[in-house]
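Have a look at upload.cif below; it lists mmCIF, C-alpha atoms.
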```
data_model
#
loop_
_atom_site.label_atom_id
_atom_site.label_comp_id
_atom_site.auth_asym_id
_atom_site.auth_seq_id
_atom_site.Cartn_x
_atom_site.Cartn_y
_atom_site.Cartn_z
CA MET W 1 89.32 -84.71 -23.77
CA ILE W 2 87.62 -81.52 -22.57
CA GLY W 3 90.23 -79.07 -21.31
CA GLN W 4 88.60 -77.12 -18.48
CA ILE W 5 85.37 -77.85 -16.61
CA VAL W 6 83.70 -75.27 -14.39
CA ILE W 7 80.99 -76.33 -11.92
CA VAL W 8 78.69 -73.62 -10.57
CA GLY W 9 77.22 -74.76 -7.27
CA ALA W 10 79.10 -76.59 -4.51
CA GLY W 11 76.27 -78.54 -2.96
CA GLN W 12 76.17 -82.32 -2.96
CA GLY W 13 75.53 -82.53 -6.71
CA GLY W 14 78.29 -80.09 -7.66
CA PHE W 15 80.72 -81.82 -5.33
CA GLN W 16 79.81 -85.23 -6.75
CA ALA W 17 80.36 -83.98 -10.30
CA ALA W 18 83.91 -82.89 -9.44
CA ALA W 19 84.66 -86.13 -7.56
CA SER W 20 83.18 -88.33 -10.30
CA LEU W 21 85.17 -86.55 -13.02
CA ARG W 22 88.36 -87.56 -11.24
CA GLN W 23 87.05 -91.08 -10.61
CA GLU W 24 86.33 -91.44 -14.33
CA GLY W 25 89.92 -90.46 -15.13
CA TYR W 26 89.52 -86.83 -16.15
CA ASP W 27 92.89 -85.07 -15.82
CA GLY W 28 91.98 -81.56 -16.91
CA ARG W 29 91.32 -78.52 -14.76
CA ILE W 30 88.25 -78.59 -12.49
CA ILE W 31 86.96 -75.41 -10.85
CA LEU W 32 84.17 -75.85 -8.28
CA ILE W 33 82.43 -72.60 -7.31
CA GLY W 34 80.13 -72.18 -4.31
CA GLU W 35 78.43 -69.12 -2.80
CA GLU W 36 78.60 -70.35 0.79
CA PRO W 37 81.79 -69.84 2.83
CA GLU W 38 81.98 -73.53 3.79
CA ALA W 39 83.40 -76.42 1.79
CA PRO W 40 80.71 -78.78 0.40
CA TYR W 41 78.62 -80.34 3.16
CA GLN W 42 75.56 -82.53 3.64
CA ARG W 43 72.35 -80.51 3.71
CA PRO W 44 69.72 -83.11 4.82
CA PRO W 45 71.01 -83.39 8.43
CA LEU W 46 70.53 -79.64 9.01
CA SER W 47 66.87 -80.13 9.99
CA LYS W 48 67.52 -83.26 12.03
CA ALA W 49 70.87 -84.45 13.45
CA TYR W 50 72.56 -81.04 13.38
CA MET W 51 69.68 -79.49 15.33
CA LYS W 52 70.38 -81.98 18.10
CA THR W 53 74.20 -81.97 18.13
CA GLY W 54 75.36 -78.70 16.58
CA ASP W 55 78.36 -80.59 15.21
CA ALA W 56 79.13 -79.00 11.85
CA GLY W 57 82.25 -81.12 11.48
CA GLN W 58 80.11 -84.18 10.87
CA LEU W 59 78.51 -82.53 7.82
CA ALA W 60 81.59 -82.19 5.59
CA LEU W 61 81.42 -84.35 2.49
CA ARG W 62 85.22 -84.72 2.45
CA PRO W 63 88.14 -83.37 4.49
CA ALA W 64 89.83 -80.23 3.20
CA ALA W 65 92.81 -82.23 1.92
CA PHE W 66 90.57 -84.05 -0.57
CA TYR W 67 90.38 -81.02 -2.85
CA ASP W 68 94.16 -80.55 -2.98
CA THR W 69 94.80 -84.27 -3.43
CA ASN W 70 92.37 -84.41 -6.36
CA ALA W 71 93.37 -81.08 -7.86
CA ILE W 72 89.89 -79.61 -7.51
CA GLU W 73 90.03 -75.82 -7.32
CA LEU W 74 87.40 -74.97 -4.73
CA ARG W 75 86.28 -71.35 -4.72
CA LYS W 76 84.16 -70.72 -1.64
CA GLY W 77 82.08 -67.62 -0.96
CA THR W 78 82.02 -66.81 -4.66
CA ARG W 79 79.03 -65.68 -6.72
CA VAL W 80 78.82 -66.14 -10.48
CA ASP W 81 77.24 -63.07 -12.05
CA ALA W 82 76.76 -64.07 -15.67
CA ILE W 83 77.41 -66.66 -18.37
CA ASP W 84 78.74 -65.60 -21.79
CA ARG W 85 77.83 -68.60 -23.91
CA ARG W 86 79.39 -67.28 -27.12
CA ALA W 87 82.78 -66.74 -25.50
CA GLN W 88 82.33 -69.73 -23.15
CA ARG W 89 83.18 -67.68 -20.11
CA ILE W 90 81.56 -66.91 -16.77
CA GLN W 91 81.83 -63.61 -14.93
CA ILE W 92 82.86 -63.55 -11.26
CA ALA W 93 83.10 -60.02 -9.87
CA ASP W 94 85.90 -58.47 -11.96
CA GLU W 95 87.18 -61.78 -13.32
CA ASP W 96 86.19 -63.68 -16.45
CA LEU W 97 86.75 -67.43 -16.25
CA ALA W 98 86.81 -69.64 -19.35
CA TYR W 99 85.19 -73.05 -19.59
CA ASP W 100 85.25 -75.83 -22.15
CA HIS W 101 82.24 -77.35 -20.40
CA LEU W 102 80.04 -75.79 -17.76
CA ILE W 103 77.99 -77.72 -15.21
CA LEU W 104 75.16 -75.84 -13.51
CA ALA W 105 74.37 -77.20 -10.05
CA THR W 106 72.77 -74.06 -8.68
CA GLY W 107 70.14 -75.81 -6.56
CA THR W 108 67.16 -74.05 -5.01
CA ARG W 109 66.29 -71.32 -2.55
CA ASN W 110 63.43 -70.97 -0.12
CA MET W 111 60.12 -69.84 -1.58
CA ARG W 112 58.86 -66.49 -0.29
CA PRO W 113 55.06 -66.67 -0.40
CA PRO W 114 52.96 -63.46 -0.30
CA ILE W 115 52.76 -63.25 3.49
CA SER W 116 53.05 -59.99 5.37
CA GLY W 117 56.01 -59.75 7.74
CA LEU W 118 58.26 -62.47 6.30
CA GLU W 119 61.23 -60.47 7.59
CA HIS W 120 60.31 -61.85 11.01
CA THR W 121 60.66 -65.50 9.92
CA ARG W 122 63.68 -67.77 10.00
CA ASP W 123 64.94 -69.97 7.16
CA LEU W 124 66.50 -73.43 7.17
CA ARG W 125 68.46 -73.83 3.98
CA THR W 126 72.15 -73.28 4.71
CA LEU W 127 74.51 -74.16 7.54
CA ALA W 128 74.41 -70.51 8.62
CA ASP W 129 70.61 -70.69 8.74
CA ALA W 130 70.75 -73.89 10.80
CA ALA W 131 73.28 -72.48 13.25
CA ALA W 132 71.14 -69.37 13.84
CA LEU W 133 67.99 -71.48 14.15
CA ARG W 134 69.62 -73.83 16.64
CA ASP W 135 70.71 -70.86 18.73
CA ALA W 136 67.16 -69.45 18.65
CA LEU W 137 65.76 -72.85 19.58
CA ALA W 138 67.78 -72.86 22.79
CA ARG W 139 66.02 -69.67 23.93
CA ALA W 140 62.49 -70.37 22.69
CA GLU W 141 59.44 -71.95 24.27
CA ARG W 142 56.80 -71.59 21.54
CA ILE W 143 57.60 -72.15 17.86
CA GLY W 144 55.57 -71.64 14.70
CA VAL W 145 56.27 -73.47 11.45
CA ILE W 146 54.88 -72.34 8.10
CA GLY W 147 54.63 -75.38 5.86
CA GLY W 148 53.89 -79.06 6.41
CA GLY W 149 56.46 -80.53 4.03
CA PHE W 150 59.55 -82.59 4.84
CA ILE W 151 61.70 -79.76 6.26
CA GLY W 152 58.97 -78.22 8.38
CA LEU W 153 57.92 -81.57 9.85
CA GLU W 154 61.47 -82.79 10.45
CA PHE W 155 62.25 -79.61 12.36
CA ALA W 156 58.93 -79.74 14.20
CA ALA W 157 59.65 -83.29 15.38
CA VAL W 158 63.07 -82.27 16.75
CA ALA W 159 61.67 -79.17 18.47
CA ARG W 160 58.75 -81.07 19.99
CA ALA W 161 61.05 -83.84 21.26
CA ALA W 162 63.09 -81.12 22.98
CA GLY W 163 59.98 -79.99 24.86
CA HIS W 164 58.94 -76.96 22.82
CA HIS W 165 55.35 -76.05 22.00
CA VAL W 166 55.10 -76.34 18.21
CA THR W 167 52.36 -75.26 15.81
CA VAL W 168 52.58 -76.24 12.14
CA ALA W 169 50.40 -74.21 9.76
CA GLU W 170 49.92 -75.89 6.38
CA ALA W 171 48.03 -74.04 3.65
CA GLY W 172 47.05 -77.28 1.91
CA ALA W 173 44.46 -79.81 2.97
CA ARG W 174 47.06 -82.33 4.11
CA LEU W 175 50.71 -82.72 5.10
CA MET W 176 53.39 -83.45 2.49
CA GLY W 177 50.73 -83.07 -0.19
CA ARG W 178 53.16 -82.96 -3.12
CA ALA W 179 55.14 -85.98 -1.98
CA VAL W 180 52.89 -88.70 -0.61
CA SER W 181 49.40 -90.24 -0.74
CA SER W 182 46.55 -88.92 1.38
CA GLN W 183 46.75 -92.12 3.46
CA MET W 184 50.37 -91.44 4.36
CA SER W 185 49.61 -87.78 4.98
CA ASP W 186 46.90 -88.75 7.47
CA ARG W 187 49.20 -91.23 9.18
CA PHE W 188 51.91 -88.63 9.72
CA ALA W 189 49.43 -85.99 10.83
CA GLN W 190 48.28 -88.35 13.57
CA LYS W 191 51.89 -89.17 14.48
CA HIS W 192 52.73 -85.50 15.00
CA ARG W 193 49.53 -84.85 16.91
CA ASP W 194 50.27 -87.81 19.17
CA MET W 195 53.62 -86.16 19.90
CA GLY W 196 51.76 -83.03 20.99
CA THR W 197 52.35 -80.87 17.92
CA ASP W 198 49.49 -78.58 16.96
CA ILE W 199 48.82 -79.35 13.28
CA ARG W 200 46.66 -76.78 11.45
CA LEU W 201 45.60 -77.99 7.98
CA ALA W 202 44.01 -75.80 5.29
CA SER W 203 45.37 -72.90 7.35
CA PRO W 204 47.36 -70.43 5.24
CA VAL W 205 49.33 -67.84 7.17
CA ALA W 206 48.37 -64.22 6.44
CA ALA W 207 50.99 -62.40 8.52
CA VAL W 208 54.01 -62.88 10.75
CA THR W 209 55.00 -60.55 13.59
CA PRO W 210 57.73 -60.71 16.26
CA ASP W 211 55.08 -62.29 18.51
CA GLY W 212 53.99 -65.11 16.19
CA MET W 213 51.77 -65.63 13.17
CA THR W 214 48.22 -64.83 12.11
CA LEU W 215 46.25 -67.35 10.07
CA ALA W 216 44.00 -66.30 7.19
CA ASP W 217 40.91 -66.85 9.36
CA GLY W 218 42.26 -64.38 11.92
CA THR W 219 43.52 -66.93 14.45
CA GLN W 220 46.56 -65.68 16.37
CA ILE W 221 49.36 -68.19 17.05
CA SER W 222 51.88 -67.04 19.65
CA ALA W 223 55.49 -67.97 18.90
CA ASP W 224 58.95 -66.89 19.99
CA PHE W 225 60.00 -67.39 16.39
CA VAL W 226 58.52 -68.72 13.14
CA LEU W 227 60.28 -71.02 10.70
CA LEU W 228 59.42 -70.52 7.03
CA ALA W 229 59.39 -73.92 5.32
CA ALA W 230 56.88 -73.36 2.54
CA GLY W 231 58.85 -74.99 -0.26
CA VAL W 232 61.63 -73.97 -2.63
CA VAL W 233 62.14 -72.54 -6.10
CA PRO W 234 64.97 -73.49 -8.48
CA ASN W 235 67.83 -71.06 -9.02
CA VAL W 236 67.53 -70.53 -12.77
CA GLU W 237 68.43 -66.85 -13.14
CA LEU W 238 71.93 -67.47 -14.54
CA ALA W 239 70.56 -69.91 -17.09
CA LEU W 240 67.62 -67.68 -18.01
CA ASP W 241 69.81 -64.61 -18.50
CA ALA W 242 72.12 -66.70 -20.69
CA GLY W 243 69.22 -67.70 -22.94
CA LEU W 244 69.00 -71.35 -21.93
CA ASP W 245 65.64 -73.12 -21.96
CA VAL W 246 63.94 -72.82 -18.56
CA ASP W 247 60.64 -74.35 -17.43
CA ASN W 248 60.28 -75.03 -13.68
CA GLY W 249 64.05 -75.50 -13.76
CA ILE W 250 66.82 -75.57 -16.32
CA VAL W 251 65.53 -77.82 -19.09
CA VAL W 252 67.83 -80.70 -20.01
CA GLY W 253 67.54 -83.75 -22.23
CA SER W 254 67.89 -87.39 -21.26
CA THR W 255 71.69 -87.07 -20.98
CA LEU W 256 71.33 -83.90 -18.85
CA LEU W 257 72.60 -81.52 -21.52
CA THR W 258 70.93 -78.11 -21.72
CA SER W 259 69.95 -76.41 -24.96
CA ASP W 260 73.65 -75.48 -25.20
CA PRO W 261 75.89 -78.53 -25.90
CA SER W 262 78.66 -76.99 -23.77
CA ILE W 263 76.48 -76.76 -20.66
CA SER W 264 74.97 -79.47 -18.47
CA ALA W 265 72.67 -79.06 -15.46
CA LEU W 266 71.96 -81.34 -12.53
CA GLY W 267 70.12 -81.73 -9.27
CA ASP W 268 67.33 -79.61 -7.83
CA CYS W 269 67.67 -76.91 -10.52
CA ALA W 270 67.37 -79.31 -13.49
CA CYS W 271 64.11 -80.24 -15.22
CA PHE W 272 64.59 -83.52 -17.09
CA PRO W 273 62.45 -86.14 -18.87
CA ASP W 274 61.14 -88.79 -16.50
CA PRO W 275 62.35 -92.11 -17.98
CA ALA W 276 59.06 -93.81 -17.09
CA THR W 277 56.65 -91.29 -18.63
CA GLY W 278 58.69 -88.80 -20.65
CA ARG W 279 57.15 -85.85 -18.80
CA LEU W 280 59.50 -83.14 -17.57
CA VAL W 281 60.14 -83.43 -13.85
CA ARG W 282 62.34 -81.69 -11.31
CA LEU W 283 63.35 -83.67 -8.24
CA GLU W 284 64.41 -82.16 -4.92
CA SER W 285 66.52 -85.14 -3.93
CA VAL W 286 70.12 -85.63 -2.89
CA GLN W 287 70.19 -89.00 -4.61
CA ALA W 288 68.96 -87.58 -7.91
CA ALA W 289 71.65 -84.89 -7.74
CA THR W 290 74.44 -87.39 -7.14
CA ASP W 291 73.12 -89.77 -9.81
CA HIS W 292 72.93 -86.86 -12.27
CA ALA W 293 76.50 -85.90 -11.44
CA ARG W 294 77.84 -89.39 -12.07
CA LEU W 295 76.08 -89.64 -15.42
CA ILE W 296 77.38 -86.24 -16.57
CA ALA W 297 80.94 -87.07 -15.51
CA LYS W 298 80.85 -90.37 -17.39
CA ARG W 299 79.50 -88.68 -20.51
CA LEU W 300 82.14 -85.96 -20.46
CA VAL W 301 85.06 -88.33 -19.88
CA THR W 302 84.11 -91.46 -21.83
CA GLY W 303 81.62 -90.14 -24.37
CA ASP W 304 78.91 -92.47 -23.06
CA GLN W 305 75.57 -91.07 -24.25
CA SER W 306 73.37 -93.26 -22.04
CA ALA W 307 70.11 -91.67 -20.91
CA TYR W 308 69.43 -91.00 -17.25
CA ARG W 309 67.23 -93.85 -16.00
CA ALA W 310 67.78 -94.05 -12.24
CA VAL W 311 64.76 -94.91 -10.06
CA PRO W 312 63.78 -91.82 -8.02
CA TRP W 313 63.73 -92.27 -4.26
CA PHE W 314 63.26 -90.01 -1.28
CA TRP W 315 63.29 -90.16 2.49
CA SER W 316 62.37 -88.13 5.55
CA ASP W 317 63.21 -88.81 9.20
CA GLN W 318 60.49 -87.52 11.53
CA SER W 319 60.86 -88.53 15.17
CA ASP W 320 61.40 -92.31 15.19
CA TRP W 321 59.74 -92.82 11.80
CA LYS W 322 61.69 -93.07 8.55
CA LEU W 323 59.49 -92.39 5.56
CA GLN W 324 60.90 -93.81 2.32
CA ILE W 325 59.47 -93.46 -1.16
CA ALA W 326 60.61 -95.43 -4.20
CA GLY W 327 59.37 -94.35 -7.61
CA LEU W 328 57.54 -91.24 -8.72
CA ALA W 329 53.75 -91.00 -8.61
CA GLU W 330 51.53 -88.39 -10.18
CA ALA W 331 48.88 -86.63 -8.13
CA THR W 332 46.12 -88.52 -9.92
CA ASP W 333 47.58 -91.98 -9.23
CA ALA W 334 45.48 -94.21 -7.00
CA ALA W 335 46.70 -95.33 -3.58
CA GLU W 336 46.18 -98.64 -1.81
CA THR W 337 47.31 -99.41 1.74
CA LEU W 338 48.57 -102.92 2.44
CA PRO W 339 48.13 -104.66 5.82
CA ASP W 340 51.68 -103.71 6.92
CA GLY W 341 51.04 -100.01 6.24
CA THR W 342 52.89 -99.89 2.92
CA VAL W 343 51.12 -97.67 0.40
CA LEU W 344 51.16 -98.59 -3.30
CA ARG W 345 50.66 -95.77 -5.79
CA LEU W 346 48.98 -97.16 -8.89
CA LYS W 347 48.26 -96.12 -12.45
CA GLY W 348 45.87 -98.84 -13.45
CA ASP W 349 47.67 -102.00 -12.39
CA GLN W 350 51.14 -100.46 -12.66
CA VAL W 351 52.98 -99.57 -9.45
CA THR W 352 54.36 -96.05 -9.88
CA ALA W 353 55.65 -95.56 -6.32
CA VAL W 354 55.80 -97.33 -2.98
CA GLU W 355 55.65 -95.50 0.36
CA THR W 356 56.94 -97.22 3.50
CA VAL W 357 57.57 -96.34 7.14
CA ASN W 358 60.44 -98.07 9.00
CA ASN W 359 60.53 -100.80 6.36
CA ALA W 360 63.91 -100.54 4.66
CA ARG W 361 63.63 -104.10 3.34
CA ALA W 362 60.50 -103.37 1.31
CA HIS W 363 61.95 -100.06 0.14
CA MET W 364 65.17 -101.61 -1.14
CA ARG W 365 63.35 -104.48 -2.82
CA THR W 366 61.05 -102.03 -4.55
CA ARG W 367 63.97 -99.97 -5.87
CA LYS W 368 65.64 -103.13 -7.14
CA ALA W 369 62.45 -104.33 -8.85
CA MET W 370 61.79 -100.94 -10.45
CA GLY W 371 65.40 -100.73 -11.57
CA GLN W 372 65.00 -103.80 -13.80
CA GLY W 373 63.44 -101.59 -16.44
CA SER W 374 60.17 -103.49 -16.83
CA ILE W 375 56.74 -102.45 -15.54
CA LEU W 376 56.11 -103.48 -11.92
CA THR W 377 52.48 -104.52 -11.44
CA LYS W 378 50.54 -104.81 -8.23
CA GLU W 379 50.39 -108.59 -8.71
CA ASP W 380 54.17 -108.73 -9.16
CA PHE W 381 54.66 -106.66 -6.00
CA VAL W 382 52.36 -108.76 -3.82
CA SER W 383 53.45 -112.15 -5.16
CA ALA W 384 57.13 -111.32 -4.71
CA GLN W 385 56.41 -109.87 -1.24
CA VAL W 386 58.50 -106.87 -2.20
#
```

As structure tokens - that is how I would like this structure written.
Amino acid sequence: MIGQIVIVGAGQGGFQAAASLRQEGYDGRIILIGEEPEAPYQRPPLSKAYMKTGDAGQLALRPAAFYDTNAIELRKGTRVDAIDRRAQRIQIADEDLAYDHLILATGTRNMRPPISGLEHTRDLRTLADAAALRDALARAERIGVIGGGFIGLEFAAVARAAGHHVTVAEAGARLMGRAVSSQMSDRFAQKHRDMGTDIRLASPVAAVTPDGMTLADGTQISADFVLLAAGVVPNVELALDAGLDVDNGIVVGSTLLTSDPSISALGDCACFPDPATGRLVRLESVQAATDHARLIAKRLVTGDQSAYRAVPWFWSDQSDWKLQIAGLAEATDAAETLPDGTVLRLKGDQVTAVETVNNARAHMRTRKAMGQGSILTKEDFVSAQV
């Protein structure tokens, strides 16, 4: 059995890798390294529940005793500077740390688009970001949001419900353009407008000042602060400097091994072959990260070489609507809205993804049907009333 496993990244995926190694019966040394000062915590609630309650205690993935009980060496507030693949060591400040297998779970960071004055914006990526943002929210009246993706809209919904004036500036032609169909984009745009949020589409931001933001057409939007939520980029610098294959993420094969057989990668930083199409994809999804972690742990402990084949799924809570997506559509896939509001994404007659709002039953049935491994057709979907 592998003697010492080092995990770089203590987000949900890195945590799950350590926990799953123990669950699979691994009895060697596990070192879990994270840059943030906190123990591993849930990130999705930062833009939603935490904004309302401020209760950081509810975010912890496990109590502190879990790490001692399971002999997981948790190194918080620690940055890994380099990987020496030949020696199988990583460099941490003045210390070199050996590994028999290395798991990269380095995640993503907020994208910094070419906008003047970004030093005046706020981020929402870490617990520290969320705490500072929540404090600013308590003193603000008018809020600007750059980006109409999940994070920006989730935060906008919370801020609007609290009585703030909110303007969302989205550079693209529609909301959540990378994630959902145009029909679902339109539906959510109307939802936010009905709540009183000012949604500006096809409105890139040119500059941010302490007084608000300026759109590319010269329009001035007053704001007490501006949240930058314009997407993320994968943290691949360690892998790139070490000579690993990188392409919109750390490239891995179907078992989540990198181009080095002693290094695996998982979660938001990993670019892996989509089991349905074979194309390389990178998913920004908690569930993908935890599924990746379980597969890697099983491979390392039992030798199981099964390919990753989990059905992708995503969710976003915006006001009293829960958006859920099962499957993975391409931008060119057609979209058809059913009478109940469910949107089918279609490649020919094949269902590639299903988008639902407040319909957990249909979502779960879709995931189950897609998980059978056979092609799900539109006829199958409708006849089974998935």

**Message:** Take the PyMOL selection byres ((chain W and resi 234) around 12), run it mentally on this structure, and tell me the resulting residues as a ChimeraX atom specification.
**Reply:** /W:104-111,231-233,235-240,246-251,265-271,282-284

**Between atom CA of Pro44 of chain W and atom CA of Arg134 of chain W, distance in Å (one decimal)** =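 Separation of atom CA of Pro44 of chain W and atom CA of Arg134 of chain W: 15.0 Å.
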
**Asked** Of the candidates W:Thr121, W:Thr290, W:Thr167, W:Thr53, which one gets nearest to Arg142 of chain W if we count all atoms listed in the file?
**Response**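 Closest residue, counting all atoms listed in the file: W:Thr167.
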
**Request:** Do a neighbour search on segment 329-345 of chain W at 6 Å with all atoms listed in the file, toss out local chain neighbours closer than 3 positions, and write the hits as number ranges by chain.
**Result:** W: 351-356

Produce a table with one row for each residue of segment 231-346 of chain W that has an atom at most 12 Å from any atom of segment 192-204 of chain W, each row naming the nearest atom pair and its distance in Å at one decimal; use all atoms listed in the file; arrange rows by chain and rising residue number; format as CSV.
```
residue,atom,partner,partner_atom,distance
W:Gln318,CA,W:His192,CA,8.7
W:Ser319,CA,W:His192,CA,8.7
W:Asp320,CA,W:Met195,CA,11.0
W:Trp321,CA,W:His192,CA,10.6
```

**Prompt:** So which one's closest to Ala159 of chain W, W:Leu256, W:Met184, W:Ala93, W:Met51? Using all atoms listed in the file, please.
**Reply:**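 The closest residue to Ala159 of chain W is W:Met51.
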
**Asked** Given the file above and the PyMOL selection byres ((chain W and resi 229) around 6), which residues are selected, and can you give them as number ranges by chain?
**Response** W: 146-147, 152, 228, 230-231

As lines of an AutoDock Vina configuration file, please report the centre and edge lengths, rounded to one decimal in Å, of the axis-aligned box that holds all listed atoms of segment 27-32 of chain W with 8 Å of padding on each of the six sides.
```
center_x = 88.5
center_y = -80.2
center_z = -12.6
size_x = 24.7
size_y = 25.7
size_z = 24.6
```

**Request:** Using all atoms listed in the file, determine which residues lie at most 12 Å from segment 11-14 of chain W, disregarding the query and same-chain residues fewer than 6 positions distant; provide the list as a PyMOL selection string.
**Result:** chain W and resi 5+20-21+30-44+59-62+72+74+76+102-108+125-127+264-270+284-297

**Non-local contacts of Ala82 of chain W (9 Å; only C-alpha atoms; under 6 positions in same chain excluded) as a PyMOL selection string** = chain W and resi 89-92+238-239+241-242

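Here the PyMOL selection byres ((chain W and resi 174) around 10) catches exactly these residues: Gly148, Gly149, Glu170, Ala171, Gly172, Ala173, Leu175, Met176, Gly177, Arg178, Val180, Ser181, Ser182, Gln183, Met184, Ser185, Asp186, Phe188, Ala189, Ile199, Arg200, Leu201 and Ala202 of chain W.
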
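Take atom CA of Gln220 of chain W and atom CA of Val208 of chain W: the distance between them is 9.7 Å.
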
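Taking atom CA of Pro261 of chain W as the reference point, atom CA of Thr277 of chain W is found at 24.2 Å.
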
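Of the listed residues (W:Phe225, W:Tyr308, W:Phe15, W:Tyr50), W:Phe225 comes nearest to Val145 of chain W; the distances count all atoms listed in the file.
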
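Minimum atom-to-atom distances from W:Val301, W:Ala162, W:Leu124, W:Val357 to Leu323 of chain W were compared using all atoms listed in the file, and the lowest value belongs to W:Val357.
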
N, CA and C atoms restored at segment 75-95 of chain W, emitted as a PDB file, keeping the file's coordinate frame:
```pdb
ATOM      1  N   ARG W  75      86.424 -72.778  -4.971  1.00  0.00           N
ATOM      2  CA  ARG W  75      86.280 -71.350  -4.720  1.00  0.00           C
ATOM      3  C   ARG W  75      85.032 -71.142  -3.864  1.00  0.00           C
ATOM      4  N   LYS W  76      85.262 -70.905  -2.584  1.00  0.00           N
ATOM      5  CA  LYS W  76      84.160 -70.720  -1.640  1.00  0.00           C
ATOM      6  C   LYS W  76      83.766 -69.251  -1.568  1.00  0.00           C
ATOM      7  N   GLY W  77      82.540 -68.996  -1.130  1.00  0.00           N
ATOM      8  CA  GLY W  77      82.080 -67.620  -0.960  1.00  0.00           C
ATOM      9  C   GLY W  77      82.138 -66.810  -2.235  1.00  0.00           C
ATOM     10  N   THR W  78      81.867 -67.460  -3.362  1.00  0.00           N
ATOM     11  CA  THR W  78      82.020 -66.810  -4.660  1.00  0.00           C
ATOM     12  C   THR W  78      80.715 -66.882  -5.445  1.00  0.00           C
ATOM     13  N   ARG W  79      80.274 -65.753  -5.951  1.00  0.00           N
ATOM     14  CA  ARG W  79      79.030 -65.680  -6.720  1.00  0.00           C
ATOM     15  C   ARG W  79      79.348 -65.502  -8.195  1.00  0.00           C
ATOM     16  N   VAL W  80      78.692 -66.289  -9.030  1.00  0.00           N
ATOM     17  CA  VAL W  80      78.820 -66.140 -10.480  1.00  0.00           C
ATOM     18  C   VAL W  80      77.747 -65.171 -10.945  1.00  0.00           C
ATOM     19  N   ASP W  81      78.163 -64.126 -11.660  1.00  0.00           N
ATOM     20  CA  ASP W  81      77.240 -63.070 -12.050  1.00  0.00           C
ATOM     21  C   ASP W  81      76.603 -63.282 -13.415  1.00  0.00           C
ATOM     22  N   ALA W  82      77.306 -63.932 -14.321  1.00  0.00           N
ATOM     23  CA  ALA W  82      76.760 -64.070 -15.670  1.00  0.00           C
ATOM     24  C   ALA W  82      77.500 -65.172 -16.430  1.00  0.00           C
ATOM     25  N   ILE W  83      76.818 -65.679 -17.452  1.00  0.00           N
ATOM     26  CA  ILE W  83      77.410 -66.660 -18.370  1.00  0.00           C
ATOM     27  C   ILE W  83      77.433 -66.031 -19.762  1.00  0.00           C
ATOM     28  N   ASP W  84      78.605 -66.032 -20.394  1.00  0.00           N
ATOM     29  CA  ASP W  84      78.740 -65.600 -21.790  1.00  0.00           C
ATOM     30  C   ASP W  84      78.891 -66.859 -22.620  1.00  0.00           C
ATOM     31  N   ARG W  85      77.793 -67.335 -23.192  1.00  0.00           N
ATOM     32  CA  ARG W  85      77.830 -68.600 -23.910  1.00  0.00           C
ATOM     33  C   ARG W  85      78.673 -68.525 -25.175  1.00  0.00           C
ATOM     34  N   ARG W  86      78.637 -67.402 -25.866  1.00  0.00           N
ATOM     35  CA  ARG W  86      79.390 -67.280 -27.120  1.00  0.00           C
ATOM     36  C   ARG W  86      80.882 -67.375 -26.859  1.00  0.00           C
ATOM     37  N   ALA W  87      81.346 -66.711 -25.819  1.00  0.00           N
ATOM     38  CA  ALA W  87      82.780 -66.740 -25.500  1.00  0.00           C
ATOM     39  C   ALA W  87      83.150 -67.928 -24.616  1.00  0.00           C
ATOM     40  N   GLN W  88      82.140 -68.647 -24.106  1.00  0.00           N
ATOM     41  CA  GLN W  88      82.330 -69.730 -23.150  1.00  0.00           C
ATOM     42  C   GLN W  88      83.144 -69.271 -21.941  1.00  0.00           C
ATOM     43  N   ARG W  89      82.567 -68.247 -21.303  1.00  0.00           N
ATOM     44  CA  ARG W  89      83.180 -67.680 -20.110  1.00  0.00           C
ATOM     45  C   ARG W  89      82.083 -67.359 -19.095  1.00  0.00           C
ATOM     46  N   ILE W  90      82.463 -67.381 -17.805  1.00  0.00           N
ATOM     47  CA  ILE W  90      81.560 -66.910 -16.770  1.00  0.00           C
ATOM     48  C   ILE W  90      82.193 -65.698 -16.103  1.00  0.00           C
ATOM     49  N   GLN W  91      81.343 -64.830 -15.576  1.00  0.00           N
ATOM     50  CA  GLN W  91      81.830 -63.610 -14.930  1.00  0.00           C
ATOM     51  C   GLN W  91      81.696 -63.752 -13.421  1.00  0.00           C
ATOM     52  N   ILE W  92      82.814 -63.530 -12.715  1.00  0.00           N
ATOM     53  CA  ILE W  92      82.860 -63.550 -11.260  1.00  0.00           C
ATOM     54  C   ILE W  92      83.460 -62.231 -10.809  1.00  0.00           C
ATOM     55  N   ALA W  93      82.627 -61.347 -10.278  1.00  0.00           N
ATOM     56  CA  ALA W  93      83.100 -60.020  -9.870  1.00  0.00           C
ATOM     57  C   ALA W  93      83.834 -59.382 -11.047  1.00  0.00           C
ATOM     58  N   ASP W  94      85.138 -59.112 -10.889  1.00  0.00           N
ATOM     59  CA  ASP W  94      85.900 -58.470 -11.960  1.00  0.00           C
ATOM     60  C   ASP W  94      86.669 -59.475 -12.817  1.00  0.00           C
ATOM     61  N   GLU W  95      86.417 -60.745 -12.618  1.00  0.00           N
ATOM     62  CA  GLU W  95      87.180 -61.780 -13.320  1.00  0.00           C
ATOM     63  C   GLU W  95      86.287 -62.515 -14.316  1.00  0.00           C
TER      64      GLU W  95
END
```
